[in-house]
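File shown: model_3.txt. Contents: compact mmCIF, C-alpha atoms and all ligand atoms.
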```
# COMPACT_ATOMS: atom_id res chain seq x y z
CA MET A 1 108.78 4.35 81.50
CA ASP A 2 105.03 4.11 81.31
CA ALA A 3 102.83 4.06 84.40
CA ILE A 4 101.80 0.39 84.06
CA ASN A 5 105.41 -0.80 83.79
CA MET A 6 106.38 1.38 86.71
CA ILE A 7 103.68 -0.05 88.95
CA GLU A 8 104.31 -3.65 87.90
CA GLU A 9 108.11 -3.57 87.89
CA ARG A 10 108.84 -1.71 91.13
CA ARG A 11 110.24 -4.15 93.68
CA SER A 12 111.52 -3.64 97.18
CA VAL A 13 115.30 -3.28 96.96
CA ARG A 14 117.37 -4.12 100.02
CA LYS A 15 120.93 -4.19 98.62
CA PHE A 16 122.43 -0.97 97.34
CA LYS A 17 125.58 0.34 95.74
CA ASN A 18 127.97 2.05 98.14
CA GLU A 19 126.86 5.50 96.97
CA VAL A 20 125.08 8.51 98.45
CA VAL A 21 122.27 9.77 96.21
CA ASP A 22 122.91 13.48 95.69
CA GLN A 23 120.56 16.13 97.01
CA GLU A 24 119.61 17.39 93.54
CA THR A 25 118.31 13.94 92.57
CA MET A 26 116.30 13.68 95.80
CA LYS A 27 114.88 17.16 95.26
CA GLU A 28 113.74 16.09 91.82
CA ILE A 29 112.11 12.95 93.25
CA ILE A 30 110.28 14.94 95.94
CA SER A 31 109.19 17.49 93.34
CA ILE A 32 107.46 14.55 91.57
CA ALA A 33 106.18 12.89 94.78
CA ARG A 34 104.51 16.13 95.94
CA TRP A 35 101.88 15.63 93.22
CA ALA A 36 100.37 12.85 95.33
CA PRO A 37 96.74 13.56 96.22
CA SER A 38 95.95 14.40 99.84
CA TRP A 39 92.94 15.18 102.04
CA GLY A 40 91.80 18.73 101.22
CA ASN A 41 95.14 19.14 99.41
CA TYR A 42 96.62 19.77 102.86
CA GLN A 43 99.89 18.05 101.75
CA ILE A 44 100.83 16.87 105.23
CA ALA A 45 103.67 14.53 104.15
CA ARG A 46 107.23 15.51 105.07
CA TYR A 47 110.45 13.84 103.91
CA THR A 48 113.65 13.81 105.93
CA MET A 49 116.70 12.45 104.10
CA VAL A 50 119.53 10.97 106.15
CA ASN A 51 123.01 10.32 104.74
CA ASP A 52 125.19 10.81 107.81
CA PRO A 53 126.65 7.35 108.67
CA ASN A 54 126.45 7.95 112.44
CA THR A 55 122.79 8.89 112.23
CA ILE A 56 122.03 5.87 110.05
CA ALA A 57 123.82 3.73 112.66
CA LYS A 58 121.59 5.22 115.37
CA LEU A 59 118.48 4.52 113.28
CA LYS A 60 119.68 0.94 112.87
CA HIS A 61 120.37 0.58 116.59
CA ASP A 62 117.26 2.22 118.04
CA GLY A 63 114.84 2.77 115.16
CA VAL A 64 113.86 -0.71 113.91
CA ASN A 65 113.13 -2.68 117.11
CA ASP A 66 116.08 -5.02 116.42
CA PHE A 67 114.10 -6.53 113.54
CA VAL A 68 116.80 -8.64 111.94
CA TYR A 69 115.79 -7.98 108.31
CA ASN A 70 115.76 -4.22 108.78
CA VAL A 71 119.00 -4.26 110.77
CA GLY A 72 120.55 -6.22 107.90
CA THR A 73 119.21 -3.85 105.24
CA LEU A 74 120.46 -0.80 107.14
CA THR A 75 123.91 -2.26 107.74
CA ASN A 76 125.28 -1.14 104.38
CA ALA A 77 122.70 1.53 103.56
CA LYS A 78 123.94 4.98 102.61
CA ASN A 79 120.53 6.64 102.25
CA VAL A 80 117.48 6.59 104.49
CA ALA A 81 114.30 8.64 104.12
CA ILE A 82 111.91 9.22 106.98
CA LEU A 83 108.36 9.90 105.88
CA SER A 84 106.42 11.82 108.52
CA PHE A 85 103.16 13.71 108.49
CA VAL A 86 101.81 16.83 110.18
CA LYS A 87 99.26 15.67 112.78
CA GLY A 88 95.67 16.77 113.26
CA LYS A 89 94.85 18.19 109.84
CA SER A 90 93.73 15.46 107.46
CA GLY A 91 90.11 14.43 107.96
CA LYS A 92 89.05 17.93 108.90
CA ILE A 93 87.11 20.55 106.97
CA GLU A 94 87.04 23.92 108.67
CA LYS A 95 84.66 26.70 107.68
CA LEU A 96 83.91 25.84 104.09
CA GLU A 97 81.74 28.72 102.89
CA LEU A 98 78.89 27.37 100.71
CA GLU A 99 75.75 28.99 99.31
CA GLU A 100 73.76 26.86 101.77
CA GLY A 101 75.89 28.15 104.66
CA GLU A 102 79.00 27.03 106.44
CA PHE A 103 80.19 23.40 106.43
CA ASN A 104 82.45 22.03 109.18
CA TYR A 105 83.56 18.45 109.60
CA ASP A 106 85.93 16.91 112.10
CA GLY A 107 87.04 13.45 111.03
CA THR A 108 90.51 13.77 112.52
CA SER A 109 89.89 10.75 114.74
CA SER A 110 89.78 8.61 111.58
CA SER A 111 92.90 7.48 109.78
CA TRP A 112 93.01 9.89 106.84
CA GLU A 113 96.41 11.23 107.84
CA VAL A 114 97.88 7.74 107.66
CA PHE A 115 96.04 7.24 104.38
CA ASP A 116 97.66 10.43 103.03
CA ALA A 117 101.06 9.24 104.22
CA GLY A 118 100.54 5.89 102.47
CA ILE A 119 99.73 7.57 99.16
CA ALA A 120 102.74 9.86 99.57
CA CYS A 121 104.94 6.87 100.38
CA GLN A 122 104.05 4.88 97.26
CA THR A 123 104.23 8.00 95.08
CA PHE A 124 107.74 8.64 96.44
CA CYS A 125 108.77 5.01 95.76
CA LEU A 126 107.41 5.12 92.20
CA ALA A 127 109.10 8.48 91.50
CA ALA A 128 112.37 7.07 92.85
CA HIS A 129 111.97 3.93 90.73
CA ALA A 130 111.42 6.06 87.62
CA LYS A 131 114.74 7.78 88.37
CA GLY A 132 116.63 4.49 88.82
CA ILE A 133 116.58 4.54 92.61
CA GLY A 134 115.43 1.48 94.55
CA THR A 135 113.46 1.66 97.81
CA THR A 136 112.12 -0.49 100.60
CA ILE A 137 109.39 0.78 102.87
CA MET A 138 110.00 -0.26 106.47
CA GLY A 139 107.05 -0.55 108.80
CA VAL A 140 108.79 -2.37 111.65
CA ILE A 141 110.08 0.81 113.23
CA ASN A 142 110.08 2.73 116.50
CA ASP A 143 108.49 6.01 115.43
CA LYS A 144 109.21 7.80 118.72
CA ALA A 145 112.89 6.81 118.74
CA ILE A 146 113.26 7.97 115.13
CA SER A 147 111.63 11.33 115.94
CA GLU A 148 114.07 11.77 118.80
CA ILE A 149 117.17 10.78 116.85
CA LEU A 150 116.30 13.26 114.09
CA SER A 151 114.78 15.95 116.35
CA LEU A 152 111.70 16.06 114.14
CA PRO A 153 109.13 18.80 114.84
CA GLU A 154 106.63 18.00 117.63
CA GLU A 155 103.74 18.49 115.22
CA GLU A 156 104.86 15.53 113.09
CA THR A 157 104.48 11.75 113.46
CA VAL A 158 106.77 9.27 111.73
CA ALA A 159 104.84 7.06 109.28
CA ALA A 160 107.62 5.00 107.70
CA MET A 161 111.31 4.58 107.16
CA ILE A 162 112.31 4.14 103.52
CA VAL A 163 115.77 2.89 102.73
CA TYR A 164 116.84 3.90 99.23
CA GLY A 165 119.77 3.95 96.85
CA TYR A 166 121.16 2.70 93.57
CA PRO A 167 120.15 -0.98 93.38
CA ASP A 168 122.82 -3.65 93.71
CA GLU A 169 120.36 -6.50 93.20
CA THR A 170 117.49 -7.36 90.87
CA PRO A 171 114.83 -8.73 93.21
CA LYS A 172 112.63 -11.51 91.89
CA ALA A 173 108.99 -10.70 91.31
CA THR A 174 107.01 -11.18 94.52
CA PRO A 175 103.76 -13.16 94.15
CA ARG A 176 100.41 -11.43 93.90
CA LYS A 177 96.94 -12.81 94.57
CA ASP A 178 94.81 -13.71 91.58
CA VAL A 179 92.58 -10.87 90.42
CA ASN A 180 89.49 -13.03 91.05
CA GLU A 181 90.50 -13.38 94.70
CA ILE A 182 90.58 -9.63 95.37
CA LEU A 183 87.95 -8.28 93.00
CA ARG A 184 84.20 -8.52 93.20
CA PHE A 185 81.47 -6.85 91.17
CA VAL A 186 78.15 -6.40 92.95
C1 LIG B 1 103.51 -0.71 105.05
C2 LIG B 1 104.67 -1.58 104.64
C3 LIG B 1 105.59 -1.99 105.60
C4 LIG B 1 106.69 -2.76 105.23
N1 LIG B 1 107.63 -3.08 106.18
C5 LIG B 1 108.77 -3.71 105.80
C6 LIG B 1 109.82 -3.91 106.72
O1 LIG B 1 109.76 -3.50 107.89
N2 LIG B 1 110.94 -4.54 106.28
C7 LIG B 1 111.08 -4.98 104.99
O2 LIG B 1 112.14 -5.54 104.66
N3 LIG B 1 110.08 -4.81 104.08
C8 LIG B 1 108.95 -4.18 104.45
N4 LIG B 1 107.95 -3.94 103.52
C9 LIG B 1 108.11 -4.41 102.13
C10 LIG B 1 107.21 -5.60 101.79
O3 LIG B 1 107.73 -6.77 102.39
C11 LIG B 1 107.11 -5.76 100.26
O4 LIG B 1 106.54 -4.58 99.71
C12 LIG B 1 106.27 -6.96 99.85
O5 LIG B 1 106.87 -8.15 100.25
C13 LIG B 1 106.06 -7.00 98.33
O6 LIG B 1 107.31 -7.01 97.66
P1 LIG B 1 107.67 -5.89 96.57
O7 LIG B 1 107.68 -4.57 97.26
O8 LIG B 1 109.02 -6.27 96.05
O9 LIG B 1 106.63 -5.95 95.50
C14 LIG B 1 106.85 -3.18 103.87
C15 LIG B 1 105.92 -2.76 102.92
C16 LIG B 1 104.86 -1.96 103.29
C17 LIG B 1 103.89 -1.47 102.22
```
Take the structure I supplied and represent it as structure tokens, if you would.
Amino acid sequence: MDAINMIEERRSVRKFKNEVVDQETMKEIISIARWAPSWGNYQIARYTMVNDPNTIAKLKHDGVNDFVYNVGTLTNAKNVAILSFVKGKSGKIEKLELEEGEFNYDGTSSSWEVFDAGIACQTFCLAAHAKGIGTTIMGVINDKAISEILSLPEEETVAAMIVYGYPDETPKATPRKDVNEILRFV
């Protein structure tokens, strides 16, 4: 599958076959996704895979703010990924030794860690797509509740929930804006 097809053909999948994706396949997908670029190559993204039905039920109950679409998608889901990131690193350059002297920069108050997580998220979804696994990124989530349910490390923040699995639907192409609407040359 070439890169252009992959980018154009990936769709959000919300109906899945009744099948757990095995750990070897997910390891392979993460081994591809880890090539995503990141601030300073700090690689702050973390992936937590959930297959236990009781835990998925808890995520459905407390993790998606009762958002009816996400509750519906999770109802028959067998696989959920939580994408989190290690806080307080991206945006920062500490003691870079240069010929001109030392360079320090603290941009941690900006949103580079979320930016890194976004790149990691799409890279994960494209890698999954290339391996025949469908995904939907879920942004209507309760990050604190999810952290608690999964006992995630204190140093991490939840960025997104990604439901995934073998597709049981072929979603129609979603519309995109015309290139002339989103592109300008100055
Ligand atoms: C940051 C982000 C948050 C999203 N949140 C949700 C969500 O909570 N529930 C959902 O069903 N889809 C969610 N989506 C999926 C979008 O609705 C979907 O990507 C968009 O409609 C385009 O469709 P496509 O992915 O099939 O191209 C989200 C996508 C992104 C990138």
Q.
Taking 3 positions as the minimum chain separation for residues in the same chain, which residues sit within 8 Å of stretch 19-24 of chain A when counting only C-alpha atoms? Answer as an MDAnalysis selection string.
A. chainID A and resid 16 27:28 51 78:79 165:166
Q | Polymer residues at most 9 Å from A:Cys125, all atoms listed in the file, same-chain spacing of 5 or more positions, as a PyMOL selection string | A | chain A and resi 10+29+33+120+130+133-137+162+164
Q: Using only C-alpha atoms and all ligand atoms, find each residue with an atom at most 8 Å away from ligand LIG 1 (chain B) and format the answer as a PyMOL selection string.
A: chain A and resi 10-14+64+67+69-70+73+118+136-141+160+171-175
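Of note, atom CA of A:Val158 and atom CA of A:His61 are spaced 16.9 Å apart.
Comparing the minimum interatomic distances between A:Gln122 and each of A:Ile182, A:Ile30, A:Ala57, A:Ala145, counting all atoms listed in the file, we find that A:Ile30 sits nearest.
Taking atom CA of A:Leu98 and atom CA of A:Ala36 as the two end points, the separation is 26.5 Å.
Considering only C-alpha atoms, the residue among A:Gly40, A:Pro167, A:Gly63, A:Pro53 positioned nearest to A:Lys92 is A:Gly40.
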Could you extract stretch 81-130 of chain A of the given structure into a file holding N, CA and C atoms, as an mmCIF file, in the first residue's frame?
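What ended up in out.cif:
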```
data_model
loop_
_atom_site.group_PDB
_atom_site.id
_atom_site.type_symbol
_atom_site.label_atom_id
_atom_site.label_comp_id
_atom_site.auth_asym_id
_atom_site.auth_seq_id
_atom_site.Cartn_x
_atom_site.Cartn_y
_atom_site.Cartn_z
ATOM 1 N N ALA A 81 -7.344 1.342 22.514
ATOM 2 C CA ALA A 81 -5.994 1.845 22.828
ATOM 3 C C ALA A 81 -6.139 3.195 23.509
ATOM 4 N N ILE A 82 -5.352 3.410 24.537
ATOM 5 C CA ILE A 82 -5.286 4.736 25.144
ATOM 6 C C ILE A 82 -3.920 5.316 24.796
ATOM 7 N N LEU A 83 -3.972 6.473 24.138
ATOM 8 C CA LEU A 83 -2.732 7.165 23.805
ATOM 9 C C LEU A 83 -2.503 8.232 24.870
ATOM 10 N N SER A 84 -1.405 8.117 25.570
ATOM 11 C CA SER A 84 -1.057 9.119 26.591
ATOM 12 C C SER A 84 0.320 9.676 26.254
ATOM 13 N N PHE A 85 0.690 10.724 26.989
ATOM 14 C CA PHE A 85 2.040 11.263 26.771
ATOM 15 C C PHE A 85 2.663 11.650 28.105
ATOM 16 N N VAL A 86 3.989 11.565 28.149
ATOM 17 C CA VAL A 86 4.729 11.950 29.358
ATOM 18 C C VAL A 86 4.777 13.478 29.397
ATOM 19 N N LYS A 87 4.297 14.033 30.521
ATOM 20 C CA LYS A 87 4.155 15.491 30.658
ATOM 21 C C LYS A 87 5.493 16.205 30.859
ATOM 22 N N GLY A 88 5.508 17.477 30.448
ATOM 23 C CA GLY A 88 6.583 18.384 30.874
ATOM 24 C C GLY A 88 7.913 18.225 30.168
ATOM 25 N N LYS A 89 7.930 17.556 29.038
ATOM 26 C CA LYS A 89 9.205 17.369 28.330
ATOM 27 C C LYS A 89 9.221 18.096 26.979
ATOM 28 N N SER A 90 8.195 17.836 26.167
ATOM 29 C CA SER A 90 8.196 18.443 24.834
ATOM 30 C C SER A 90 8.084 19.960 24.937
ATOM 31 N N GLY A 91 8.852 20.651 24.118
ATOM 32 C CA GLY A 91 8.866 22.110 24.145
ATOM 33 C C GLY A 91 10.100 22.630 24.851
ATOM 34 N N LYS A 92 10.845 21.724 25.456
ATOM 35 C CA LYS A 92 11.977 22.140 26.287
ATOM 36 C C LYS A 92 13.307 21.720 25.658
ATOM 37 N N ILE A 93 14.273 22.597 25.717
ATOM 38 C CA ILE A 93 15.646 22.206 25.361
ATOM 39 C C ILE A 93 16.514 22.527 26.568
ATOM 40 N N GLU A 94 17.135 21.510 27.111
ATOM 41 C CA GLU A 94 17.950 21.696 28.311
ATOM 42 C C GLU A 94 19.421 21.497 27.996
ATOM 43 N N LYS A 95 20.209 22.505 28.292
ATOM 44 C CA LYS A 95 21.665 22.426 28.185
ATOM 45 C C LYS A 95 22.154 21.806 26.886
ATOM 46 N N LEU A 96 21.853 22.502 25.787
ATOM 47 C CA LEU A 96 22.409 22.080 24.508
ATOM 48 C C LEU A 96 23.768 22.762 24.379
ATOM 49 N N GLU A 97 24.821 21.955 24.353
ATOM 50 C CA GLU A 97 26.179 22.523 24.289
ATOM 51 C C GLU A 97 26.493 22.894 22.843
ATOM 52 N N LEU A 98 26.721 24.202 22.595
ATOM 53 C CA LEU A 98 27.059 24.674 21.248
ATOM 54 C C LEU A 98 28.398 25.389 21.313
ATOM 55 N N GLU A 99 29.014 25.597 20.139
ATOM 56 C CA GLU A 99 30.295 26.319 20.124
ATOM 57 C C GLU A 99 30.135 27.705 20.740
ATOM 58 N N GLU A 100 28.953 28.307 20.487
ATOM 59 C CA GLU A 100 28.690 29.671 20.988
ATOM 60 C C GLU A 100 28.383 29.673 22.484
ATOM 61 N N GLY A 101 28.234 28.506 23.069
ATOM 62 C CA GLY A 101 27.877 28.414 24.495
ATOM 63 C C GLY A 101 26.696 27.486 24.680
ATOM 64 N N GLU A 102 26.061 27.660 25.829
ATOM 65 C CA GLU A 102 24.951 26.759 26.163
ATOM 66 C C GLU A 102 23.620 27.356 25.700
ATOM 67 N N PHE A 103 22.718 26.519 25.202
ATOM 68 C CA PHE A 103 21.392 26.999 24.807
ATOM 69 C C PHE A 103 20.328 26.286 25.629
ATOM 70 N N ASN A 104 19.487 27.072 26.299
ATOM 71 C CA ASN A 104 18.360 26.511 27.061
ATOM 72 C C ASN A 104 17.084 27.160 26.548
ATOM 73 N N TYR A 105 16.015 26.414 26.553
ATOM 74 C CA TYR A 105 14.735 26.958 26.091
ATOM 75 C C TYR A 105 13.619 26.238 26.822
ATOM 76 N N ASP A 106 12.720 27.004 27.420
ATOM 77 C CA ASP A 106 11.589 26.347 28.079
ATOM 78 C C ASP A 106 10.288 26.784 27.420
ATOM 79 N N GLY A 107 9.812 25.938 26.514
ATOM 80 C CA GLY A 107 8.530 26.212 25.844
ATOM 81 C C GLY A 107 7.493 25.202 26.276
ATOM 82 N N THR A 108 7.643 24.693 27.507
ATOM 83 C CA THR A 108 6.719 23.640 27.950
ATOM 84 C C THR A 108 5.306 24.166 28.190
ATOM 85 N N SER A 109 5.171 25.500 28.285
ATOM 86 C CA SER A 109 3.819 26.028 28.470
ATOM 87 C C SER A 109 3.059 26.031 27.141
ATOM 88 N N SER A 110 3.759 25.819 26.035
ATOM 89 C CA SER A 110 3.072 25.740 24.743
ATOM 90 C C SER A 110 2.530 24.327 24.568
ATOM 91 N N SER A 111 1.978 24.054 23.393
ATOM 92 C CA SER A 111 1.245 22.790 23.259
ATOM 93 C C SER A 111 2.012 21.725 22.482
ATOM 94 N N TRP A 112 3.328 21.764 22.547
ATOM 95 C CA TRP A 112 4.096 20.796 21.741
ATOM 96 C C TRP A 112 3.855 19.354 22.168
ATOM 97 N N GLU A 113 3.534 19.139 23.435
ATOM 98 C CA GLU A 113 3.318 17.738 23.845
ATOM 99 C C GLU A 113 2.029 17.179 23.224
ATOM 100 N N VAL A 114 1.038 18.051 23.093
ATOM 101 C CA VAL A 114 -0.201 17.628 22.445
ATOM 102 C C VAL A 114 0.029 17.445 20.943
ATOM 103 N N PHE A 115 0.865 18.313 20.410
ATOM 104 C CA PHE A 115 1.249 18.216 18.997
ATOM 105 C C PHE A 115 1.931 16.858 18.746
ATOM 106 N N ASP A 116 2.886 16.521 19.599
ATOM 107 C CA ASP A 116 3.564 15.212 19.496
ATOM 108 C C ASP A 116 2.559 14.064 19.569
ATOM 109 N N ALA A 117 1.622 14.182 20.494
ATOM 110 C CA ALA A 117 0.627 13.113 20.668
ATOM 111 C C ALA A 117 -0.237 12.988 19.419
ATOM 112 N N GLY A 118 -0.560 14.132 18.801
ATOM 113 C CA GLY A 118 -1.369 14.109 17.576
ATOM 114 C C GLY A 118 -0.646 13.403 16.441
ATOM 115 N N ILE A 119 0.638 13.713 16.299
ATOM 116 C CA ILE A 119 1.419 13.042 15.240
ATOM 117 C C ILE A 119 1.479 11.544 15.526
ATOM 118 N N ALA A 120 1.726 11.196 16.782
ATOM 119 C CA ALA A 120 1.800 9.773 17.161
ATOM 120 C C ALA A 120 0.468 9.075 16.883
ATOM 121 N N CYS A 121 -0.622 9.781 17.164
ATOM 122 C CA CYS A 121 -1.960 9.219 16.997
ATOM 123 C C CYS A 121 -2.227 8.872 15.527
ATOM 124 N N GLN A 122 -1.970 9.820 14.644
ATOM 125 C CA GLN A 122 -2.233 9.561 13.220
ATOM 126 C C GLN A 122 -1.248 8.522 12.681
ATOM 127 N N THR A 123 -0.024 8.540 13.153
ATOM 128 C CA THR A 123 0.946 7.534 12.685
ATOM 129 C C THR A 123 0.479 6.141 13.100
ATOM 130 N N PHE A 124 -0.027 6.036 14.342
ATOM 131 C CA PHE A 124 -0.574 4.763 14.825
ATOM 132 C C PHE A 124 -1.748 4.323 13.936
ATOM 133 N N CYS A 125 -2.658 5.253 13.652
ATOM 134 C CA CYS A 125 -3.849 4.899 12.847
ATOM 135 C C CYS A 125 -3.452 4.466 11.436
ATOM 136 N N LEU A 126 -2.468 5.137 10.854
ATOM 137 C CA LEU A 126 -2.031 4.755 9.502
ATOM 138 C C LEU A 126 -1.323 3.402 9.521
ATOM 139 N N ALA A 127 -0.505 3.169 10.543
ATOM 140 C CA ALA A 127 0.186 1.871 10.658
ATOM 141 C C ALA A 127 -0.842 0.752 10.823
ATOM 142 N N ALA A 128 -1.859 1.009 11.650
ATOM 143 C CA ALA A 128 -2.916 0.011 11.856
ATOM 144 C C ALA A 128 -3.640 -0.246 10.533
ATOM 145 N N HIS A 129 -3.986 0.822 9.832
ATOM 146 C CA HIS A 129 -4.683 0.706 8.549
ATOM 147 C C HIS A 129 -3.872 -0.148 7.567
ATOM 148 N N ALA A 130 -2.574 0.088 7.540
ATOM 149 C CA ALA A 130 -1.697 -0.681 6.633
ATOM 150 C C ALA A 130 -1.711 -2.166 6.977
#
```
